[in-house]
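Visitor: If it helps, the file is called protein.csv and holds CSV, C-alpha atoms:
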chain,number,residue,atom,x,y,z
W,1,MET,CA,59.3,-14.2,89.2
W,2,ALA,CA,55.7,-13.1,89.2
W,3,PRO,CA,53.2,-15.8,88.0
W,4,GLU,CA,51.6,-15.2,84.6
W,5,PRO,CA,48.1,-13.7,84.9
W,6,LEU,CA,45.2,-16.1,84.3
W,7,LYS,CA,43.7,-16.0,80.8
W,8,PRO,CA,40.1,-15.1,80.5
W,9,ARG,CA,37.7,-18.1,80.2
W,10,ILE,CA,35.1,-17.9,77.5
W,11,ALA,CA,32.5,-20.5,76.8
W,12,VAL,CA,30.6,-20.6,73.5
W,13,LEU,CA,27.3,-22.3,74.2
W,14,ILE,CA,25.5,-23.7,71.1
W,15,SER,CA,22.1,-25.2,71.5
W,16,HIS,CA,20.2,-27.5,69.2
W,17,LEU,CA,16.6,-28.8,69.1
W,18,THR,CA,18.2,-32.3,69.3
W,19,PHE,CA,21.9,-32.8,69.7
W,20,ASP,CA,23.3,-36.0,68.2
W,21,GLY,CA,26.9,-35.3,69.2
W,22,GLN,CA,28.0,-34.2,65.7
W,23,PRO,CA,29.8,-30.8,65.5
W,24,SER,CA,27.6,-28.1,64.0
W,25,LYS,CA,28.4,-25.6,61.3
W,26,LEU,CA,29.1,-23.0,64.0
W,27,THR,CA,31.5,-25.4,65.8
W,28,ARG,CA,33.4,-26.0,62.6
W,29,THR,CA,33.7,-22.2,62.1
W,30,LEU,CA,34.9,-21.7,65.6
W,31,ASN,CA,37.5,-24.5,65.3
W,32,GLU,CA,39.0,-22.6,62.4
W,33,ILE,CA,39.2,-19.4,64.3
W,34,LEU,CA,40.2,-20.4,67.8
W,35,PRO,CA,43.9,-21.0,67.2
W,36,ARG,CA,44.2,-17.2,66.7
W,37,TYR,CA,43.0,-16.7,70.3
W,38,GLU,CA,44.8,-19.5,72.1
W,39,ARG,CA,47.3,-17.1,73.7
W,40,GLN,CA,44.7,-14.6,74.7
W,41,ALA,CA,42.0,-16.7,76.3
W,42,ASP,CA,40.8,-20.2,77.2
W,43,ILE,CA,37.8,-20.7,74.9
W,44,GLN,CA,35.7,-23.8,75.1
W,45,ILE,CA,32.8,-24.9,72.8
W,46,VAL,CA,29.9,-26.5,74.5
W,47,GLU,CA,27.1,-28.0,72.4
W,48,THR,CA,23.9,-29.1,74.0
W,49,SER,CA,20.2,-29.5,73.3
W,50,VAL,CA,17.7,-26.7,73.9
W,51,GLU,CA,16.2,-28.8,76.7
W,52,LYS,CA,19.6,-28.9,78.6
W,53,LEU,CA,20.6,-25.3,77.8
W,54,LEU,CA,19.8,-23.9,81.2
W,55,SER,CA,21.3,-26.8,83.2
W,56,THR,CA,24.5,-26.6,81.1
W,57,ALA,CA,24.8,-22.9,81.7
W,58,LYS,CA,24.2,-23.2,85.4
W,59,ALA,CA,26.8,-26.0,85.7
W,60,LEU,CA,29.3,-23.6,84.0
W,61,GLU,CA,28.4,-20.9,86.4
W,62,GLN,CA,28.6,-23.0,89.5
W,63,THR,CA,32.0,-24.4,88.6
W,64,GLN,CA,33.2,-21.0,87.5
W,65,GLY,CA,34.1,-22.5,84.2
W,66,ALA,CA,33.5,-19.3,82.3
W,67,ASP,CA,33.9,-15.6,82.8
W,68,ILE,CA,31.6,-14.9,79.8
W,69,LEU,CA,29.1,-17.0,77.9
W,70,ILE,CA,28.5,-16.5,74.2
W,71,CYS,CA,25.4,-17.9,72.5
W,72,SER,CA,22.7,-16.9,69.9
W,73,GLY,CA,20.2,-14.2,70.5
W,74,ALA,CA,17.2,-16.2,71.9
W,75,SER,CA,19.4,-18.4,74.0
W,76,ALA,CA,21.2,-15.3,75.4
W,77,GLU,CA,18.0,-13.6,76.3
W,78,PHE,CA,16.6,-16.7,78.0
W,79,LEU,CA,19.8,-17.3,80.0
W,80,ARG,CA,20.1,-13.7,81.2
W,81,LYS,CA,16.9,-14.2,83.2
W,82,HIS,CA,18.3,-17.2,85.1
W,83,ILE,CA,22.0,-16.8,85.6
W,84,THR,CA,24.3,-13.9,86.6
W,85,THR,CA,27.3,-14.7,84.3
W,86,THR,CA,27.8,-12.1,81.6
W,87,ILE,CA,26.3,-13.3,78.3
W,88,LEU,CA,27.0,-12.0,74.9
W,89,SER,CA,25.1,-12.9,71.7
W,90,PHE,CA,26.7,-13.2,68.3
W,91,ARG,CA,26.8,-10.1,66.3
W,92,MET,CA,25.3,-10.4,62.8
W,93,GLY,CA,27.0,-8.2,60.2
W,94,GLU,CA,25.8,-6.9,56.9
W,95,TYR,CA,28.2,-9.3,55.1
W,96,ASP,CA,26.6,-12.3,56.9
W,97,LEU,CA,23.2,-11.4,55.5
W,98,ILE,CA,24.4,-10.7,52.0
W,99,ARG,CA,26.2,-14.1,51.9
W,100,ALA,CA,23.1,-15.8,53.2
W,101,LEU,CA,20.8,-14.0,50.7
W,102,ASN,CA,23.2,-15.1,47.9
W,103,VAL,CA,22.5,-18.7,48.8
W,104,ALA,CA,18.8,-18.0,48.4
W,105,LYS,CA,19.5,-16.4,45.0
W,106,GLU,CA,21.4,-19.4,43.9
W,107,ARG,CA,18.5,-21.6,44.9
W,108,GLY,CA,16.1,-19.4,42.9
W,109,THR,CA,13.7,-19.0,45.7
W,110,LYS,CA,12.4,-16.5,48.3
W,111,ALA,CA,14.3,-16.0,51.5
W,112,GLY,CA,12.9,-15.8,55.0
W,113,ILE,CA,15.0,-14.1,57.7
W,114,LEU,CA,14.0,-15.0,61.2
W,115,THR,CA,15.6,-12.9,64.0
W,116,HIS,CA,15.1,-12.7,67.7
W,117,GLN,CA,12.8,-9.9,69.0
W,118,ARG,CA,13.6,-7.3,66.3
W,119,THR,CA,13.7,-7.0,62.5
W,120,LEU,CA,16.6,-5.6,60.6
W,121,LYS,CA,15.5,-2.2,59.5
W,122,GLU,CA,18.6,-1.6,57.5
W,123,LEU,CA,17.7,-4.6,55.4
W,124,GLU,CA,14.2,-3.3,54.8
W,125,GLU,CA,15.6,-0.1,53.5
W,126,MET,CA,17.9,-1.9,51.1
W,127,SER,CA,15.5,-4.6,50.0
W,128,GLY,CA,15.1,-3.0,46.6
W,129,LEU,CA,18.8,-3.6,45.9
W,130,PHE,CA,18.4,-7.4,46.1
W,131,THR,CA,17.3,-9.7,43.3
W,132,VAL,CA,15.7,-12.1,45.7
W,133,GLU,CA,12.4,-11.6,47.5
W,134,ILE,CA,12.9,-11.2,51.3
W,135,SER,CA,10.4,-11.8,54.1
W,136,GLN,CA,11.3,-10.9,57.7
W,137,ALA,CA,9.9,-12.1,61.0
W,138,VAL,CA,10.8,-12.1,64.6
W,139,TYR,CA,10.4,-14.6,67.4
W,140,THR,CA,10.3,-14.4,71.2
W,141,SER,CA,10.5,-18.0,72.2
W,142,LEU,CA,11.3,-21.4,70.9
W,143,GLN,CA,7.6,-22.2,70.2
W,144,ASP,CA,7.2,-18.9,68.5
W,145,ALA,CA,10.2,-19.6,66.3
W,146,ARG,CA,8.8,-23.0,65.3
W,147,GLU,CA,5.5,-21.3,64.3
W,148,LYS,CA,7.2,-18.6,62.3
W,149,VAL,CA,9.3,-21.2,60.4
W,150,ARG,CA,6.1,-23.0,59.6
W,151,ASP,CA,4.5,-19.8,58.3
W,152,PHE,CA,7.6,-19.2,56.0
W,153,VAL,CA,7.3,-22.7,54.6
W,154,ASP,CA,3.5,-22.3,54.0
W,155,GLN,CA,4.4,-19.1,52.0
W,156,GLY,CA,6.6,-21.1,49.7
W,157,ILE,CA,9.9,-19.9,51.3
W,158,ARG,CA,12.5,-22.6,51.0
W,159,VAL,CA,15.5,-20.8,52.4
W,160,ILE,CA,15.3,-19.6,56.0
W,161,ILE,CA,18.2,-17.6,57.5
W,162,GLY,CA,18.8,-17.3,61.2
W,163,SER,CA,20.5,-18.7,64.3
W,164,PRO,CA,21.6,-22.3,64.8
W,165,THR,CA,18.2,-23.0,66.4
W,166,VAL,CA,16.4,-21.4,63.5
W,167,VAL,CA,18.5,-23.5,61.1
W,168,ASP,CA,17.5,-26.6,63.0
W,169,LEU,CA,13.8,-25.7,62.8
W,170,ALA,CA,14.0,-24.9,59.1
W,171,GLU,CA,15.6,-28.2,58.2
W,172,ALA,CA,13.1,-30.0,60.4
W,173,ALA,CA,10.3,-28.3,58.5
W,174,GLY,CA,11.8,-29.4,55.1
W,175,ALA,CA,13.4,-26.0,54.2
W,176,GLU,CA,17.0,-25.2,53.8
W,177,GLY,CA,18.5,-23.5,56.9
W,178,VAL,CA,21.3,-21.0,56.3
W,179,PHE,CA,23.4,-19.9,59.3
W,180,ALA,CA,23.5,-16.1,59.3
W,181,ILE,CA,26.7,-15.7,61.1
W,182,ASN,CA,30.1,-16.2,59.5
W,183,ALA,CA,33.7,-16.2,60.7
W,184,ASN,CA,33.9,-12.4,60.8
W,185,ALA,CA,30.9,-12.1,63.1
W,186,VAL,CA,32.3,-14.8,65.4
W,187,ARG,CA,35.6,-12.9,65.6
W,188,LEU,CA,33.8,-9.6,66.4
W,189,THR,CA,31.9,-11.3,69.2
W,190,LEU,CA,35.0,-13.0,70.6
W,191,ASP,CA,36.9,-9.6,70.5
W,192,ASP,CA,34.0,-8.0,72.4
W,193,ALA,CA,34.2,-10.7,75.1
W,194,LEU,CA,38.0,-10.3,75.4
W,195,ALA,CA,37.6,-6.5,75.8
W,196,ILE,CA,35.1,-7.0,78.6
W,197,CYS,CA,37.4,-9.5,80.4
W,198,HIS,CA,40.4,-7.2,80.1
W,199,SER,CA,38.5,-4.3,81.4
W,200,ARG,CA,37.4,-6.4,84.4
W,201,ALA,CA,40.9,-7.6,85.0
W,202,GLU,CA,42.2,-4.0,85.1
W,203,GLU,CA,39.4,-2.9,87.4
W,204,ALA,CA,40.2,-5.9,89.8
W,205,HIS,CA,43.9,-5.0,89.7
W,206,ASN,CA,43.1,-1.4,90.7
W,207,HIS,CA,40.9,-2.6,93.5
W,208,ARG,CA,43.6,-4.8,94.8
W,209,ARG,CA,46.1,-2.0,94.9
W,210,ILE,CA,43.6,0.3,96.7
W,211,HIS,CA,42.9,-2.4,99.2
W,212,ALA,CA,46.6,-3.0,99.9
W,213,VAL,CA,47.0,0.8,100.6
W,214,LEU,CA,43.9,0.9,102.8
W,215,LYS,CA,45.0,-2.1,104.8
W,216,HIS,CA,48.0,-0.3,106.2
W,217,MET,CA,46.3,2.9,107.2
W,218,ASN,CA,45.5,3.6,110.9
W,219,GLU,CA,42.3,5.6,110.2
W,220,GLY,CA,39.2,3.8,109.1
W,221,VAL,CA,38.7,3.9,105.3
W,222,VAL,CA,36.0,2.7,102.9
W,223,ALA,CA,36.3,2.8,99.1
W,224,LEU,CA,33.1,3.2,97.1
W,225,ASP,CA,32.3,2.7,93.4
W,226,ALA,CA,30.2,5.2,91.5
W,227,SER,CA,26.9,3.6,92.7
W,228,GLY,CA,27.9,3.9,96.4
W,229,LYS,CA,28.7,0.3,96.9
W,230,VAL,CA,31.7,-0.7,99.0
W,231,PHE,CA,34.5,-2.3,97.0
W,232,SER,CA,37.2,-2.1,99.7
W,233,VAL,CA,37.2,-1.6,103.5
W,234,ASN,CA,40.1,-1.8,105.9
W,235,ASP,CA,40.3,-3.5,109.3
W,236,SER,CA,40.6,-0.2,111.1
W,237,MET,CA,37.1,0.9,109.9
W,238,ASN,CA,35.5,-2.2,111.2
W,239,THR,CA,37.4,-2.0,114.5
W,240,LEU,CA,36.1,1.6,114.9
W,241,LEU,CA,32.5,0.4,114.3
W,242,HIS,CA,32.7,-2.8,116.3
W,243,PRO,CA,30.5,-4.1,117.9
W,244,LEU,CA,27.6,-2.1,116.5
W,245,ARG,CA,28.1,-2.9,112.8
W,246,SER,CA,30.5,-4.4,110.3
W,247,ILE,CA,30.9,-3.2,106.7
W,248,ALA,CA,31.3,-5.9,104.0
W,249,ILE,CA,32.3,-5.5,100.3
W,250,GLY,CA,29.2,-5.0,98.2
W,251,ASP,CA,27.3,-3.2,100.9
W,252,GLN,CA,25.6,0.1,100.1
W,253,ALA,CA,27.6,2.6,102.2
W,254,LYS,CA,24.6,4.8,103.0
W,255,THR,CA,23.1,2.0,105.1
W,256,HIS,CA,26.1,2.3,107.4
W,257,PHE,CA,26.4,6.1,107.3
W,258,PRO,CA,22.8,7.4,107.0
W,259,ASP,CA,23.7,10.9,108.2
W,260,ILE,CA,26.3,11.4,105.5
W,261,ASP,CA,25.2,12.7,102.1
W,262,LEU,CA,27.1,10.2,100.0
W,263,ASN,CA,24.8,10.6,97.0
W,264,GLY,CA,25.6,14.3,97.0
W,265,VAL,CA,29.3,13.6,96.8
W,266,LEU,CA,28.8,11.0,94.0
W,267,THR,CA,26.6,13.3,91.9
W,268,SER,CA,28.2,16.7,92.5
W,269,GLY,CA,31.8,15.8,93.3
W,270,THR,CA,31.6,18.1,96.4
W,271,ALA,CA,33.7,16.7,99.2
W,272,ILE,CA,32.6,16.4,102.8
W,273,GLU,CA,35.3,17.3,105.4
W,274,SER,CA,35.3,16.4,109.1
W,275,HIS,CA,31.6,15.8,109.5
W,276,LEU,CA,31.0,14.9,113.2
W,277,SER,CA,28.9,11.8,113.7
W,278,THR,CA,28.1,9.7,116.8
W,279,VAL,CA,28.3,5.9,116.5
W,280,GLY,CA,27.4,4.2,119.8
W,281,SER,CA,29.4,6.0,122.5
W,282,GLN,CA,32.0,7.2,120.0
W,283,ARG,CA,32.3,10.6,118.4
W,284,LEU,CA,33.8,10.3,114.9
W,285,ALA,CA,35.0,12.7,112.3
W,286,ILE,CA,34.0,11.5,108.8
W,287,SER,CA,35.3,12.9,105.5
W,288,VAL,CA,34.3,11.9,102.0
W,289,LEU,CA,36.4,12.7,98.9
W,290,PRO,CA,35.2,11.9,95.3
W,291,ILE,CA,37.4,9.8,93.0
W,292,MET,CA,37.8,11.5,89.6
W,293,GLU,CA,38.6,9.5,86.5
W,294,ASN,CA,39.0,11.4,83.2
W,295,GLY,CA,36.9,14.2,84.6
W,296,GLN,CA,34.1,11.9,85.7
W,297,ILE,CA,33.1,10.9,89.3
W,298,ASP,CA,34.1,7.2,89.5
W,299,GLY,CA,33.5,6.7,93.2
W,300,ALA,CA,34.6,8.0,96.6
W,301,ILE,CA,36.9,7.5,99.6
W,302,LEU,CA,35.3,7.7,103.1
W,303,THR,CA,37.6,8.2,106.0
W,304,CYS,CA,36.7,7.9,109.7
W,305,GLN,CA,38.6,9.0,112.8
W,306,GLU,CA,37.7,8.9,116.5
W,307,ILE,CA,37.7,12.4,117.9
W,308,ARG,CA,39.7,11.4,121.0
W,309,GLU,CA,42.4,10.0,118.7
W,310,ILE,CA,42.5,13.3,116.8
W,311,GLN,CA,42.9,15.1,120.1
W,312,ARG,CA,45.7,12.8,121.2
W,313,THR,CA,47.5,13.4,117.9
W,314,GLU,CA,47.2,17.1,118.2
W,315,ARG,CA,48.7,17.0,121.7
W,316,ARG,CA,51.6,14.9,120.5
W,317,LEU,CA,52.2,17.4,117.6
W,318,ARG,CA,52.2,20.3,120.0
W,319,ALA,CA,54.6,18.6,122.3
W,320,GLN,CA,56.9,17.8,119.4
W,321,SER,CA,56.8,21.4,118.1
W,322,ARG,CA,58.0,22.8,121.5
W,323,PRO,CA,61.8,23.2,121.9
W,324,ARG,CA,63.0,20.2,123.9
W,325,HIS,CA,65.9,22.2,125.5
W,326,PHE,CA,66.1,25.9,126.5
W,327,ILE,CA,69.5,27.5,126.3
W,328,ALA,CA,70.4,29.1,129.7
W,329,LYS,CA,71.6,32.7,129.7
W,330,TYR,CA,73.3,32.4,133.1
W,331,ASP,CA,74.9,29.5,135.1
W,332,PHE,CA,73.9,28.8,138.7
W,333,GLU,CA,77.3,29.9,139.9
W,334,GLN,CA,76.7,33.4,138.4
W,335,LEU,CA,73.7,33.9,140.6
W,336,ALA,CA,74.5,36.4,143.4
W,337,GLY,CA,72.6,36.2,146.6
W,338,LYS,CA,73.2,34.9,150.1
W,339,ASP,CA,69.7,35.0,151.5
W,340,THR,CA,68.5,31.7,152.7
W,341,THR,CA,65.2,31.9,150.8
W,342,PHE,CA,67.1,32.7,147.6
W,343,GLN,CA,69.5,29.8,148.1
W,344,ASN,CA,66.6,27.4,148.7
W,345,ALA,CA,65.1,28.6,145.4
W,346,VAL,CA,68.4,28.0,143.6
W,347,GLN,CA,68.6,24.4,145.0
W,348,LEU,CA,65.1,23.7,143.8
W,349,ALA,CA,66.0,25.1,140.4
W,350,LYS,CA,69.0,22.8,140.2
W,351,LEU,CA,66.7,19.9,141.1
W,352,TYR,CA,64.1,20.8,138.5
W,353,ALA,CA,66.7,21.4,135.8
W,354,HIS,CA,67.1,17.6,135.4
W,355,SER,CA,63.4,17.3,134.2
W,356,ASP,CA,61.7,18.3,130.9
W,357,SER,CA,58.5,18.9,132.8
W,358,THR,CA,56.8,22.3,132.8
W,359,VAL,CA,57.6,24.4,136.0
W,360,LEU,CA,55.1,26.9,137.4
W,361,ILE,CA,56.9,29.8,139.0
W,362,THR,CA,54.9,32.0,141.4
W,363,GLY,CA,55.8,35.1,143.3
W,364,GLU,CA,55.4,38.8,143.3
W,365,SER,CA,56.5,39.1,139.7
W,366,GLY,CA,55.0,35.9,138.6
Is it possible to express this structure as structure tokens?
Guide:
Amino acid sequence: MAPEPLKPRIAVLISHLTFDGQPSKLTRTLNEILPRYERQADIQIVETSVEKLLSTAKALEQTQGADILICSGASAEFLRKHITTTILSFRMGEYDLIRALNVAKERGTKAGILTHQRTLKELEEMSGLFTVEISQAVYTSLQDAREKVRDFVDQGIRVIIGSPTVVDLAEAAGAEGVFAINANAVRLTLDDALAICHSRAEEAHNHRRIHAVLKHMNEGVVALDASGKVFSVNDSMNTLLHPLRSIAIGDQAKTHFPDIDLNGVLTSGTAIESHLSTVGSQRLAISVLPIMENGQIDGAILTCQEIREIQRTERRLRAQSRPRHFIAKYDFEQLAGKDTTFQNAVQLAKLYAHSDSTVLITGESG
């Protein structure tokens, strides 16, 4: 019985200016949603302070505790510069903003919307439809967000809409912070994360299948992705190239085969067949075939054979294609002739008849 595949691991990283250990609004929203995903993924909620955000994310990466991290826009942008784990930010939908603006309307006050790096142009175009006055601002860092919140408060804005960090800043400044992401936005982001994980799992499965096939091939084979990086290489290839070089997964193939136009294959889809190349003292025949997926070039397969091995194979094939036994038209007893020389030739023929070796016959008619 095959083991069940491992479920994707997703960590939702929520940062606060100060974290007192109490679950945030976003955590409560997530706890209501997560039961729906328990069969699809292992999802953990990690709450921390802004100060410990990077160390927490690095710890998750080092322990391989998450395939994907999810956090708010500013945190996501910051972490992408420091760790390699895939990071998604929560998607803010139109409904989220309408709900948040409705809170401002109920309070009878102006609303400030503070977003990371870019304003919401769609909201500007629709501003005339709302009965509440809206001001938008963007921030690029924590300090910048703190200053923008203070500007809102100085303008008399008492409801500030944004990420968990913006909400914390607003409440610290004496305004009401409204979290601009609701359950639907959280579900959309989790669905995006699952789609990425499933796509990766399928790709990894395909790579394992390719590697299993290549492993049992006698000729040297390297499988490349669309960028020319090696994602599989069999032992036969490294045996051929030993001791001059060794190909590892993740290498750029062109560094090992500089005289082969790999970029041409990956861009045009034109195959290279039996290109002769010299590696050390060996003469090799190298072929490159593009991998096509839905009409698009998705990579390439490079094969490599030693010329002497090809020649040996050709000789074996020729030998196998020749008839192993010729059918005699006459028997030795049917041969007439009493001459001593003729009889000696017959005796030699009887001797050679026991062998499959080629016999060279010479003489006046030879």
Visitor: Here is a test: counting only C-alpha atoms, which residue of W:Asp191, W:Glu333, W:Glu309, W:Glu106 is nearest to Tyr37 of chain W?
Guide: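 The answer is W:Asp191, which sits nearest to Tyr37 of chain W.
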Visitor: With 12 Å as the cut-off and only C-alpha atoms counted, what is the closest atom pair between each nearby residue of segment 153-225 of chain W and segment 53-67 of chain W? Distances in Å to one decimal, ordered by chain and number, as a tab-separated table.
Guide:
residue	atom	partner	partner_atom	distance
W:Thr165	CA	W:Leu53	CA	11.9
W:Ala193	CA	W:Asp67	CA	9.1
W:Leu194	CA	W:Asp67	CA	10.0
W:Ile196	CA	W:Asp67	CA	9.6
W:Cys197	CA	W:Asp67	CA	7.4
W:His198	CA	W:Asp67	CA	11.0
W:Arg200	CA	W:Asp67	CA	10.0
W:Ala201	CA	W:Asp67	CA	10.9
Visitor: (32.8, 2.2, 106.0) in this file's frame - what residues fall within 9 Å of it? Use only C-alpha atoms and give the answer as a PDB file with C-alpha atoms, in the coordinates of the input.
Guide:
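What landed in selection-v2.pdb:
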ATOM      1  CA  GLY W 220      39.200   3.800 109.100  1.00  0.00           C
ATOM      2  CA  VAL W 221      38.700   3.900 105.300  1.00  0.00           C
ATOM      3  CA  VAL W 222      36.000   2.700 102.900  1.00  0.00           C
ATOM      4  CA  ALA W 223      36.300   2.800  99.100  1.00  0.00           C
ATOM      5  CA  LEU W 224      33.100   3.200  97.100  1.00  0.00           C
ATOM      6  CA  VAL W 230      31.700  -0.700  99.000  1.00  0.00           C
ATOM      7  CA  SER W 232      37.200  -2.100  99.700  1.00  0.00           C
ATOM      8  CA  VAL W 233      37.200  -1.600 103.500  1.00  0.00           C
ATOM      9  CA  ASN W 234      40.100  -1.800 105.900  1.00  0.00           C
ATOM     10  CA  MET W 237      37.100   0.900 109.900  1.00  0.00           C
ATOM     11  CA  ASN W 238      35.500  -2.200 111.200  1.00  0.00           C
ATOM     12  CA  LEU W 241      32.500   0.400 114.300  1.00  0.00           C
ATOM     13  CA  SER W 246      30.500  -4.400 110.300  1.00  0.00           C
ATOM     14  CA  ILE W 247      30.900  -3.200 106.700  1.00  0.00           C
ATOM     15  CA  ALA W 248      31.300  -5.900 104.000  1.00  0.00           C
ATOM     16  CA  ALA W 253      27.600   2.600 102.200  1.00  0.00           C
ATOM     17  CA  HIS W 256      26.100   2.300 107.400  1.00  0.00           C
ATOM     18  CA  PHE W 257      26.400   6.100 107.300  1.00  0.00           C
ATOM     19  CA  LEU W 302      35.300   7.700 103.100  1.00  0.00           C
ATOM     20  CA  THR W 303      37.600   8.200 106.000  1.00  0.00           C
ATOM     21  CA  CYS W 304      36.700   7.900 109.700  1.00  0.00           C
TER      22      CYS W 304
END
Visitor: Applying 8 Å and all atoms listed in the file, which residues near Lys7 of chain W remain after dropping the ones on its own chain fewer than 6 positions away? List them as number ranges by chain.
Guide: W: 40-42
Visitor: Mind pulling up the distance from atom CA of Gln136 of chain W to atom CA of Ala172 of chain W?
Guide: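 According to the coordinates, atom CA of Ala172 of chain W and atom CA of Gln136 of chain W are separated by 19.4 Å.
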Visitor: If you count all atoms listed in the file, which residues fall within 8 Å of His116 of chain W, apart from same-chain ones fewer than 2 positions away, as a ChimeraX atom specification?
Guide: /W:73-74,114,118-119,138-140
